[in-house]
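*Asks:* I am sharing query.cif, which consists of mmCIF, C-alpha atoms:
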data_final
loop_
_atom_site.label_atom_id
_atom_site.label_comp_id
_atom_site.auth_asym_id
_atom_site.auth_seq_id
_atom_site.Cartn_x
_atom_site.Cartn_y
_atom_site.Cartn_z
CA MET Q 1 207.20 326.70 107.26
CA LYS Q 2 206.06 326.23 110.85
CA THR Q 3 208.75 327.53 113.17
CA ILE Q 4 210.05 325.83 116.32
CA LYS Q 5 211.86 328.14 118.74
CA ASN Q 6 213.07 325.63 121.36
CA PHE Q 7 213.77 321.91 121.83
CA SER Q 8 210.47 321.05 123.52
CA ARG Q 9 209.01 317.69 122.46
CA VAL Q 10 205.55 319.28 122.61
CA ALA Q 11 206.61 322.02 120.17
CA GLU Q 12 208.17 319.44 117.85
CA ARG Q 13 204.96 317.42 117.72
CA GLU Q 14 202.79 320.50 117.18
CA TYR Q 15 204.87 322.18 114.47
CA ALA Q 16 206.50 319.30 112.57
CA ILE Q 17 205.74 319.00 108.87
CA THR Q 18 204.65 315.38 108.70
CA THR Q 19 204.15 312.85 105.91
CA SER Q 20 203.92 309.06 106.01
CA ASP Q 21 207.71 308.81 105.58
CA ILE Q 22 209.25 311.81 107.30
CA ASN Q 23 208.94 314.54 109.91
CA LEU Q 24 210.56 317.87 109.04
CA LEU Q 25 211.44 320.22 111.91
CA TYR Q 26 212.34 323.84 111.18
CA TYR Q 27 214.07 325.71 114.01
CA GLU Q 28 214.82 329.41 114.43
CA LEU Q 29 217.12 329.89 117.43
CA PRO Q 30 218.54 333.20 118.70
CA GLN Q 31 222.20 333.99 119.30
CA PHE Q 32 223.56 332.45 122.54
CA PHE Q 33 220.58 330.08 122.82
CA GLN Q 34 221.59 326.79 124.46
CA ASP Q 35 219.69 323.73 125.59
CA GLU Q 36 219.65 319.93 125.59
CA TYR Q 37 218.28 318.22 122.49
CA HIS Q 38 216.99 314.63 122.11
CA THR Q 39 216.41 312.38 119.10
CA TYR Q 40 213.93 309.98 120.76
CA ASN Q 41 213.29 306.78 118.76
CA GLN Q 42 214.24 307.68 115.16
CA PRO Q 43 217.52 308.70 113.47
CA ARG Q 44 217.69 312.40 112.62
CA LEU Q 45 219.60 314.23 109.90
CA CYS Q 46 220.44 317.72 111.15
CA THR Q 47 221.28 320.56 108.74
CA ILE Q 48 221.85 324.29 109.10
CA LEU Q 49 220.30 326.83 106.74
CA ASN Q 50 222.01 329.84 108.32
CA GLY Q 51 224.23 330.27 111.36
CA THR Q 52 226.38 327.93 113.46
CA LYS Q 53 225.84 325.28 116.13
CA GLU Q 54 228.27 324.15 118.80
CA VAL Q 55 227.40 320.55 119.62
CA SER Q 56 228.31 317.82 122.10
CA VAL Q 57 226.70 314.42 121.46
CA ASN Q 58 226.30 312.10 124.46
CA GLN Q 59 228.95 314.10 126.37
CA SER Q 60 231.52 313.76 123.57
CA GLN Q 61 234.02 316.49 122.78
CA SER Q 62 232.18 319.51 121.41
CA PHE Q 63 232.48 320.65 117.80
CA GLN Q 64 230.96 323.30 115.55
CA TYR Q 65 229.16 322.77 112.27
CA GLN Q 66 227.67 325.11 109.69
CA LYS Q 67 225.62 325.34 106.52
CA ASN Q 68 227.70 323.04 104.30
CA GLU Q 69 227.82 320.20 106.87
CA PHE Q 70 225.38 317.69 108.36
CA VAL Q 71 225.12 315.64 111.55
CA LEU Q 72 223.36 312.27 111.54
CA LEU Q 73 222.21 311.21 115.01
CA PRO Q 74 221.06 307.73 116.12
CA PRO Q 75 217.90 307.27 118.21
CA ASP Q 76 218.02 308.12 121.90
CA SER Q 77 220.90 310.59 121.53
CA CYS Q 78 221.33 313.38 124.06
CA VAL Q 79 222.88 316.49 122.51
CA HIS Q 80 223.95 319.72 124.14
CA MET Q 81 223.72 322.64 121.70
CA SER Q 82 224.62 326.29 121.84
CA MET Q 83 224.29 328.95 119.14
CA PRO Q 84 227.22 331.35 118.69
CA LYS Q 85 225.04 333.08 116.06
CA SER Q 86 221.35 333.28 115.30
CA THR Q 87 220.65 329.98 113.57
CA GLN Q 88 218.01 328.47 111.29
CA ALA Q 89 218.08 324.68 111.03
CA LEU Q 90 216.13 321.98 109.22
CA VAL Q 91 216.02 318.49 110.72
CA TYR Q 92 214.85 315.32 108.95
CA GLU Q 93 213.37 312.52 111.06
CA PHE Q 94 213.02 309.40 108.89
CA SER Q 95 210.29 306.82 109.51
CA ASP Q 96 210.81 303.07 109.82
CA ARG Q 97 208.84 302.65 106.61
CA ILE Q 98 211.17 304.68 104.41
CA ILE Q 99 214.31 303.24 106.01
CA ASP Q 100 213.13 299.66 105.62
CA SER Q 101 212.04 300.28 102.03
CA VAL Q 102 215.39 301.72 100.98
CA LEU Q 103 217.47 299.09 102.79
CA GLN Q 104 215.46 296.22 101.36
CA GLN Q 105 216.04 297.49 97.84
CA VAL Q 106 219.70 298.51 97.93
CA SER Q 107 221.63 297.08 100.90
CA ASP Q 108 222.68 293.92 99.04
CA HIS Q 109 224.34 296.04 96.36
CA LEU Q 110 226.24 298.47 98.60
CA GLU Q 111 229.97 297.88 98.97
CA LEU Q 112 229.96 298.25 102.75
CA ASN Q 113 231.00 296.20 105.75
CA THR Q 114 227.72 294.83 107.12
CA LEU Q 115 229.25 292.67 109.85
CA ASN Q 116 229.89 295.28 112.54
CA ALA Q 117 226.31 295.44 113.78
CA LEU Q 118 226.95 296.13 117.45
CA ASN Q 119 229.54 298.91 117.36
CA TYR Q 120 228.03 301.53 115.11
CA PRO Q 121 229.13 305.15 115.70
CA GLN Q 122 227.53 307.59 118.11
CA PHE Q 123 226.94 310.05 115.27
CA GLN Q 124 228.24 311.18 111.89
CA HIS Q 125 229.51 314.70 111.15
CA ASN Q 126 230.41 315.32 107.52
CA LYS Q 127 230.42 317.74 104.66
CA ILE Q 128 227.19 317.62 102.65
CA PRO Q 129 227.97 315.79 99.38
CA ASP Q 130 226.86 317.44 96.14
CA ARG Q 131 223.97 315.08 95.47
CA MET Q 132 222.67 315.30 99.04
CA GLY Q 133 223.00 319.06 98.84
CA ALA Q 134 220.82 319.09 95.73
CA LEU Q 135 218.20 316.93 97.47
CA HIS Q 136 218.33 319.18 100.53
CA GLN Q 137 217.70 322.22 98.32
CA ARG Q 138 214.87 320.33 96.63
CA THR Q 139 213.26 319.83 100.06
CA LEU Q 140 213.35 323.58 100.65
CA ASP Q 141 211.90 324.27 97.20
CA ILE Q 142 209.05 321.81 97.82
CA LEU Q 143 208.23 323.38 101.18
CA LEU Q 144 208.14 326.88 99.70
CA ASP Q 145 205.99 325.84 96.73
CA ASN Q 146 202.22 326.10 97.20
CA ASN Q 147 201.59 322.63 95.76
CA GLU Q 148 198.85 320.25 96.86
CA ASN Q 149 201.23 317.31 96.26
CA ILE Q 150 203.79 318.41 98.85
CA PRO Q 151 203.58 315.18 100.96
CA PHE Q 152 204.06 313.00 97.88
CA LEU Q 153 207.01 315.07 96.65
CA LEU Q 154 208.65 315.12 100.08
CA ASN Q 155 208.38 311.34 100.33
CA LEU Q 156 210.00 310.85 96.94
CA ASN Q 157 212.80 313.26 97.72
CA SER Q 158 213.40 311.80 101.19
CA GLN Q 159 213.67 308.28 99.82
CA GLU Q 160 216.60 309.35 97.67
CA MET Q 161 218.13 311.23 100.60
CA VAL Q 162 218.08 308.05 102.71
CA TYR Q 163 219.71 306.25 99.79
CA GLU Q 164 222.51 308.84 99.66
CA LEU Q 165 223.07 308.44 103.41
CA VAL Q 166 223.27 304.65 103.39
CA LYS Q 167 225.96 304.75 100.69
CA LYS Q 168 228.35 306.04 103.38
CA GLN Q 169 229.60 303.43 105.89
CA GLY Q 170 229.10 305.34 109.15
CA CYS Q 171 225.68 306.62 108.11
CA PHE Q 172 224.68 303.16 106.89
CA ASP Q 173 225.60 301.69 110.28
CA ILE Q 174 223.43 304.22 112.13
CA ILE Q 175 220.44 303.85 109.82
CA ARG Q 176 220.61 300.08 109.51
CA ASN Q 177 220.99 299.47 113.24
CA HIS Q 178 218.39 301.93 114.49
CA GLY Q 179 215.88 299.08 114.35
CA GLN Q 180 217.97 297.20 116.92
CA HIS Q 181 217.52 300.00 119.46
CA PRO Q 182 215.58 298.31 122.32
CA ILE Q 183 212.83 300.95 122.53
CA ASN Q 184 212.40 300.95 118.77
CA ARG Q 185 212.13 297.15 118.87
CA ALA Q 186 209.57 297.41 121.67
CA VAL Q 187 207.43 299.86 119.69
CA ARG Q 188 207.49 297.58 116.66
CA LEU Q 189 206.58 294.62 118.83
CA MET Q 190 203.65 296.50 120.37
CA HIS Q 191 202.33 297.22 116.87
CA SER Q 192 202.42 293.53 115.95
CA ASP Q 193 199.65 290.95 116.48
CA LEU Q 194 201.82 289.23 119.09
CA GLY Q 195 202.52 292.47 120.96
CA ARG Q 196 198.83 293.20 121.47
CA VAL Q 197 198.49 290.21 123.80
CA MET Q 198 201.84 290.58 125.59
CA SER Q 199 202.25 292.15 129.01
CA ILE Q 200 204.65 295.06 129.53
CA SER Q 201 206.93 292.70 131.46
CA ASP Q 202 206.97 290.34 128.48
CA VAL Q 203 207.89 293.18 126.11
CA ALA Q 204 210.70 294.35 128.41
CA GLU Q 205 212.06 290.79 128.62
CA GLU Q 206 211.84 290.40 124.83
CA VAL Q 207 214.10 293.45 124.29
CA GLY Q 208 216.52 292.42 127.05
CA MET Q 209 215.75 295.06 129.68
CA SER Q 210 214.56 295.02 133.28
CA LEU Q 211 211.00 296.26 133.70
CA SER Q 212 212.03 299.36 135.68
CA ASN Q 213 214.78 300.36 133.24
CA PHE Q 214 212.55 299.66 130.25
CA SER Q 215 209.71 301.77 131.67
CA GLN Q 216 212.04 304.68 132.42
CA ARG Q 217 213.74 304.62 129.01
CA PHE Q 218 210.45 304.16 127.16
CA LYS Q 219 208.85 307.19 128.81
CA SER Q 220 211.93 309.38 128.25
CA ILE Q 221 211.76 308.65 124.51
CA THR Q 222 208.01 308.50 123.80
CA ASP Q 223 206.68 310.77 126.59
CA LYS Q 224 204.33 307.94 127.58
CA THR Q 225 204.63 304.98 129.93
CA PRO Q 226 204.65 301.61 128.14
CA LYS Q 227 201.22 300.87 129.64
CA ALA Q 228 199.73 304.14 128.37
CA TYR Q 229 201.33 303.72 124.95
CA LEU Q 230 199.98 300.19 124.55
CA LYS Q 231 196.52 301.23 125.78
CA ASP Q 232 196.35 304.12 123.28
CA LEU Q 233 197.57 301.85 120.49
CA LYS Q 234 194.93 299.21 121.26
CA LEU Q 235 192.12 301.77 121.43
CA ASP Q 236 193.15 303.32 118.10
CA GLN Q 237 193.15 299.85 116.56
CA ALA Q 238 189.74 299.20 118.12
CA LYS Q 239 188.27 302.23 116.32
CA GLN Q 240 189.29 300.70 113.00
CA LEU Q 241 187.98 297.24 113.89
CA LEU Q 242 184.61 298.59 114.95
CA ASN Q 243 183.90 299.36 111.29
CA SER Q 244 183.42 295.65 110.63
CA SER Q 245 183.33 293.79 113.97
CA SER Q 246 181.09 293.60 117.02
CA VAL Q 247 182.14 295.24 120.29
CA THR Q 248 182.93 291.85 121.83
CA ASP Q 249 185.00 290.67 118.87
CA THR Q 250 186.85 294.00 118.77
CA ALA Q 251 187.72 293.84 122.46
CA MET Q 252 189.03 290.30 122.12
CA GLU Q 253 190.99 291.15 118.97
CA VAL Q 254 192.92 293.96 120.68
CA GLY Q 255 193.63 291.87 123.78
CA TYR Q 256 190.87 292.74 126.27
CA ASP Q 257 189.16 289.67 127.76
CA ASN Q 258 187.13 291.85 130.13
CA ILE Q 259 184.58 293.51 127.83
CA SER Q 260 183.29 295.91 130.51
CA HIS Q 261 186.85 297.13 131.16
CA PHE Q 262 187.35 297.67 127.42
CA ILE Q 263 184.12 299.69 127.19
CA ARG Q 264 185.17 301.89 130.16
CA LEU Q 265 188.62 302.57 128.65
CA PHE Q 266 187.14 303.34 125.24
CA LYS Q 267 184.58 305.80 126.64
CA SER Q 268 187.20 307.47 128.81
CA GLU Q 269 189.44 307.98 125.78
CA PHE Q 270 186.89 308.97 123.13
CA GLY Q 271 183.83 310.17 125.05
CA LEU Q 272 181.60 307.49 123.54
CA THR Q 273 181.01 303.82 124.23
CA PRO Q 274 182.12 301.48 121.42
CA LYS Q 275 178.45 300.94 120.45
CA GLN Q 276 177.82 304.71 120.36
CA TYR Q 277 180.98 305.14 118.29
CA GLN Q 278 179.70 302.57 115.79
CA ARG Q 279 176.36 304.35 115.45
CA HIS Q 280 177.94 307.77 114.91
CA HIS Q 281 181.14 307.03 112.98
CA CYS Q 282 181.17 303.59 111.38
CA ARG Q 283 180.01 302.99 107.83
CA THR Q 284 178.72 299.46 108.23
CA GLU Q 285 175.20 298.69 109.43
CA SER Q 286 175.84 295.01 109.96
CA VAL Q 287 177.75 295.09 113.27
CA HIS Q 288 175.92 294.06 116.40
#
In C-alpha cells, how does this file's structure come out?

*Replies:*
Amino acid sequence: MKTIKNFSRVAEREYAITTSDINLLYYELPQFFQDEYHTYNQPRLCTILNGTKEVSVNQSQSFQYQKNEFVLLPPDSCVHMSMPKSTQALVYEFSDRIIDSVLQQVSDHLELNTLNALNYPQFQHNKIPDRMGALHQRTLDILLDNNENIPFLLNLNSQEMVYELVKKQGCFDIIRNHGQHPINRAVRLMHSDLGRVMSISDVAEEVGMSLSNFSQRFKSITDKTPKAYLKDLKLDQAKQLLNSSSVTDTAMEVGYDNISHFIRLFKSEFGLTPKQYQRHHCRTESVH
C-alpha cells in the first residue's frame, strides 16, 4: 500500500488508493507525531491498524481510540491528532455515488429517525461491530492480494460497509446529511447542466452563503477557488464534447459565449488549441 506520512492534502491526493466509489488513505505516523487533520468535502471513516490516536474534533474534548474502534467524521471537520505510540491507520473516504446508491436502496427500510436533518452529530466514535470488522479485514486482504480486479472488489466491499454504517442512527445522520453541506451542494451544482451557466455569485446564493465566505470555505476544502474549480471542470467537459462537436458548439455547451476566450483558456490548460486537440486526440473525423 502507498504510505502517507503526514496530513498534507497534496500527499493524500498523490498516494490515495482510488476507485470510482472510494479513496483509501494509509498512514504511518511516528510516536509523538501531532498535526491538524481535515476531512474536506466527503465523510471519512477512520480506523487504526496498530497504535493509538488522541483526537479532538472541532475543538471538542479530546479522546483516545485504538484498533477495535472507529471514528466517522462529517465533511469539513477539523481534527487535532497526536500519536502516543507509532500508529498505522486506514481511512475510507466514500464518494457521493456509493452513498447515494446505498441510501436509495435501503433508507426506506431502516428503523431510524429521519426527521432530525439539521442537528446531526459532529462525529461518531464507536466500537467496530463484528460485521464491519469483517469487511474492514476484507479491505486489507484485497489490498494485499495481487489481483487485477482490486477496484471492483473494493467497490463491492465498500458498498456493504456504507450499509453497515447507515444502520446506526448517528452514522446514518452524518452520511445522509453530508449532501446538505453547502460546499458539497455547490460542487454538485457546478457539475450539473444548470451550474455550467451560473456565475460564482449565483452558486454562493444558491447554497445560502455570502460570496466572500463561500469563496474562502470552498478553497479551504477543495484547494481551489470556485472560479478555478469551475474553469477546470468546464475544460475537462470540453475535452469530452470535442469528440463529437465543433469548437463553437463545445464552447457554447460549457458556458463560454466568447469563443476566442474559450480557445485561450483551453490552450493555456492543455497546451493545444481545441482544433489541435481534435486532430491529435479525438476519434471522430466529422467535427469541423

*Asks:* Using the chain letters and numbers from this file, what does the PyMOL selection byres ((chain Q and resi 78) around 7) select? Give the answer as number ranges by chain.

*Replies:* Q: 36-38, 57-58, 76-77, 79-80

*Asks:* One decimal, Å: what's the distance from atom CA of Q:Gln34 over to atom CA of Q:Val71, could you say?

*Replies:*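 Answer for the atom CA of Q:Gln34 to atom CA of Q:Val71 separation: 17.4 Å.
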
*Asks:* Could you tell me, as a VMD selection string, exactly which residues end up selected when the PyMOL selection byres ((chain Q and resi 122) around 12) is applied to this structure?

*Replies:* chain Q and resid 43 56 to 61 71 to 79 118 to 121 123 to 125 170 to 171 173 to 175 177 to 178

*Asks:* Pick the closest to Q:Thr87 from Q:Met190, Q:Leu211, Q:Leu233, Q:Ile48: which is it, counting all atoms listed in the file?

*Replies:*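 Between Q:Met190, Q:Leu211, Q:Leu233, Q:Ile48, the residue approaching Q:Thr87 most closely is Q:Ile48.
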
*Asks:* Counting all atoms listed in the file, what is within 12 Å of Q:Asp96, bar same-chain residues fewer than 6 positions away, as a list in words?

*Replies:*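 Residues near the query, excluding close chain neighbours: Ser20, Asp21, Ile22, Asn23, Asn41, Gln42, Pro43, Arg44, Pro75, Val102, Leu103, Gln104, Gln159, Val162, Ile175, Arg176, Asn177, His178, Gly179, Gln180, Asn184, Arg185, Val187 and Arg188 of chain Q.
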
*Asks:* Excluding stretch 239-252 of chain Q and its own-chain neighbours fewer than 6 positions away, which residues fall within 12 Å of it when counting all atoms listed in the file? Please give them as a count of residues only.

*Replies:* 34

*Asks:* What is the atom CA of Q:Thr222-atom CA of Q:Met161 distance in Å, reported with one decimal?

*Replies:*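 Separation of atom CA of Q:Thr222 and atom CA of Q:Met161: 25.5 Å.
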
*Asks:* Grab the atom CA of Q:Gly208 to atom CA of Q:Pro182 distance for me, in Å with one decimal place.

*Replies:*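 Value for the atom CA of Q:Gly208-atom CA of Q:Pro182 distance: 7.6 Å.
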
*Asks:* Mind dumping a table of every stretch 39-59 of chain Q residue within 12 Å of stretch 128-150 of chain Q, with the nearest atom pair and its distance in Å to one decimal, using all atoms listed in the file, sorted by chain and rising number, as a Markdown table?

*Replies:*
| residue | atom | partner | partner_atom | distance |
| --- | --- | --- | --- | --- |
| Q:Leu45 | CA | Q:His136 | CA | 10.7 |
| Q:Cys46 | CA | Q:Ile128 | CA | 10.9 |
| Q:Thr47 | CA | Q:His136 | CA | 8.8 |
| Q:Ile48 | CA | Q:His136 | CA | 10.6 |
| Q:Leu49 | CA | Q:Leu140 | CA | 9.8 |

*Asks:* Kindly indicate which residue among Q:Ser101, Q:Gln88, Q:Gln169, Q:Val254 lies nearest to Q:Pro30, using all atoms listed in the file for the distances.

*Replies:* Q:Gln88

*Asks:* For Q:Lys224, which residue out of Q:His191, Q:Lys53, Q:Arg9, Q:Lys67 is the nearest one, using all atoms listed in the file?

*Replies:*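 The closest residue to Q:Lys224 is Q:Arg9.
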
*Asks:* Starting from the sparse input, extend stretch 198-209 of chain Q to all heavy atoms and give the output as a PDB file, in the frame of the given file.

*Replies:*
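Produced file part05.pdb, reproduced below:
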ATOM      1  N   MET Q 198     200.724 290.708 124.649  1.00  0.00           N
ATOM      2  CA  MET Q 198     201.840 290.580 125.590  1.00  0.00           C
ATOM      3  C   MET Q 198     201.699 291.579 126.724  1.00  0.00           C
ATOM      4  O   MET Q 198     201.180 292.682 126.544  1.00  0.00           O
ATOM      5  CB  MET Q 198     203.177 290.805 124.865  1.00  0.00           C
ATOM      6  CG  MET Q 198     203.527 289.734 123.856  1.00  0.00           C
ATOM      7  SD  MET Q 198     205.077 290.088 122.978  1.00  0.00           S
ATOM      8  CE  MET Q 198     206.291 289.835 124.278  1.00  0.00           C
ATOM      9  N   SER Q 199     202.179 291.207 127.900  1.00  0.00           N
ATOM     10  CA  SER Q 199     202.250 292.150 129.010  1.00  0.00           C
ATOM     11  C   SER Q 199     203.464 293.059 128.827  1.00  0.00           C
ATOM     12  O   SER Q 199     204.368 292.756 128.041  1.00  0.00           O
ATOM     13  CB  SER Q 199     202.358 291.405 130.334  1.00  0.00           C
ATOM     14  OG  SER Q 199     203.632 290.764 130.431  1.00  0.00           O
ATOM     15  N   ILE Q 200     203.498 294.160 129.582  1.00  0.00           N
ATOM     16  CA  ILE Q 200     204.650 295.060 129.530  1.00  0.00           C
ATOM     17  C   ILE Q 200     205.914 294.344 129.996  1.00  0.00           C
ATOM     18  O   ILE Q 200     206.996 294.529 129.440  1.00  0.00           O
ATOM     19  CB  ILE Q 200     204.401 296.327 130.365  1.00  0.00           C
ATOM     20  CG1 ILE Q 200     203.159 297.071 129.859  1.00  0.00           C
ATOM     21  CG2 ILE Q 200     205.614 297.251 130.326  1.00  0.00           C
ATOM     22  CD1 ILE Q 200     203.219 297.475 128.403  1.00  0.00           C
ATOM     23  N   SER Q 201     205.780 293.477 130.988  1.00  0.00           N
ATOM     24  CA  SER Q 201     206.930 292.700 131.460  1.00  0.00           C
ATOM     25  C   SER Q 201     207.463 291.794 130.353  1.00  0.00           C
ATOM     26  O   SER Q 201     208.680 291.643 130.187  1.00  0.00           O
ATOM     27  CB  SER Q 201     206.540 291.857 132.672  1.00  0.00           C
ATOM     28  OG  SER Q 201     206.197 292.679 133.761  1.00  0.00           O
ATOM     29  N   ASP Q 202     206.556 291.201 129.588  1.00  0.00           N
ATOM     30  CA  ASP Q 202     206.970 290.340 128.480  1.00  0.00           C
ATOM     31  C   ASP Q 202     207.718 291.138 127.417  1.00  0.00           C
ATOM     32  O   ASP Q 202     208.732 290.672 126.872  1.00  0.00           O
ATOM     33  CB  ASP Q 202     205.752 289.673 127.831  1.00  0.00           C
ATOM     34  CG  ASP Q 202     205.109 288.627 128.726  1.00  0.00           C
ATOM     35  OD1 ASP Q 202     205.799 288.122 129.630  1.00  0.00           O
ATOM     36  OD2 ASP Q 202     203.914 288.329 128.518  1.00  0.00           O
ATOM     37  N   VAL Q 203     207.224 292.336 127.113  1.00  0.00           N
ATOM     38  CA  VAL Q 203     207.890 293.180 126.110  1.00  0.00           C
ATOM     39  C   VAL Q 203     209.282 293.567 126.588  1.00  0.00           C
ATOM     40  O   VAL Q 203     210.254 293.506 125.827  1.00  0.00           O
ATOM     41  CB  VAL Q 203     207.045 294.446 125.809  1.00  0.00           C
ATOM     42  CG1 VAL Q 203     207.797 295.390 124.868  1.00  0.00           C
ATOM     43  CG2 VAL Q 203     205.700 294.065 125.195  1.00  0.00           C
ATOM     44  N   ALA Q 204     209.396 293.975 127.853  1.00  0.00           N
ATOM     45  CA  ALA Q 204     210.700 294.350 128.410  1.00  0.00           C
ATOM     46  C   ALA Q 204     211.677 293.181 128.328  1.00  0.00           C
ATOM     47  O   ALA Q 204     212.848 293.345 127.946  1.00  0.00           O
ATOM     48  CB  ALA Q 204     210.543 294.812 129.857  1.00  0.00           C
ATOM     49  N   GLU Q 205     211.205 291.985 128.681  1.00  0.00           N
ATOM     50  CA  GLU Q 205     212.060 290.790 128.620  1.00  0.00           C
ATOM     51  C   GLU Q 205     212.474 290.502 127.179  1.00  0.00           C
ATOM     52  O   GLU Q 205     213.623 290.131 126.917  1.00  0.00           O
ATOM     53  CB  GLU Q 205     211.316 289.600 129.205  1.00  0.00           C
ATOM     54  CG  GLU Q 205     212.149 288.322 129.248  1.00  0.00           C
ATOM     55  CD  GLU Q 205     211.417 287.161 129.895  1.00  0.00           C
ATOM     56  OE1 GLU Q 205     210.299 287.382 130.417  1.00  0.00           O
ATOM     57  OE2 GLU Q 205     211.955 286.037 129.878  1.00  0.00           O
ATOM     58  N   GLU Q 206     211.564 290.686 126.240  1.00  0.00           N
ATOM     59  CA  GLU Q 206     211.840 290.400 124.830  1.00  0.00           C
ATOM     60  C   GLU Q 206     212.957 291.285 124.300  1.00  0.00           C
ATOM     61  O   GLU Q 206     213.744 290.855 123.452  1.00  0.00           O
ATOM     62  CB  GLU Q 206     210.566 290.592 124.006  1.00  0.00           C
ATOM     63  CG  GLU Q 206     210.696 290.244 122.543  1.00  0.00           C
ATOM     64  CD  GLU Q 206     210.909 288.758 122.303  1.00  0.00           C
ATOM     65  OE1 GLU Q 206     210.515 287.939 123.167  1.00  0.00           O
ATOM     66  OE2 GLU Q 206     211.474 288.409 121.244  1.00  0.00           O
ATOM     67  N   VAL Q 207     213.052 292.541 124.779  1.00  0.00           N
ATOM     68  CA  VAL Q 207     214.100 293.450 124.290  1.00  0.00           C
ATOM     69  C   VAL Q 207     215.302 293.486 125.226  1.00  0.00           C
ATOM     70  O   VAL Q 207     216.188 294.338 125.076  1.00  0.00           O
ATOM     71  CB  VAL Q 207     213.542 294.875 124.061  1.00  0.00           C
ATOM     72  CG1 VAL Q 207     212.442 294.847 123.013  1.00  0.00           C
ATOM     73  CG2 VAL Q 207     213.043 295.520 125.358  1.00  0.00           C
ATOM     74  N   GLY Q 208     215.339 292.580 126.218  1.00  0.00           N
ATOM     75  CA  GLY Q 208     216.520 292.420 127.050  1.00  0.00           C
ATOM     76  C   GLY Q 208     216.726 293.473 128.100  1.00  0.00           C
ATOM     77  O   GLY Q 208     217.873 293.811 128.432  1.00  0.00           O
ATOM     78  N   MET Q 209     215.632 294.020 128.670  1.00  0.00           N
ATOM     79  CA  MET Q 209     215.750 295.060 129.680  1.00  0.00           C
ATOM     80  C   MET Q 209     214.942 294.687 130.914  1.00  0.00           C
ATOM     81  O   MET Q 209     213.938 293.966 130.821  1.00  0.00           O
ATOM     82  CB  MET Q 209     215.266 296.410 129.132  1.00  0.00           C
ATOM     83  CG  MET Q 209     216.024 296.920 127.919  1.00  0.00           C
ATOM     84  SD  MET Q 209     215.372 298.485 127.274  1.00  0.00           S
ATOM     85  CE  MET Q 209     215.897 299.619 128.577  1.00  0.00           C
TER      86      MET Q 209
END
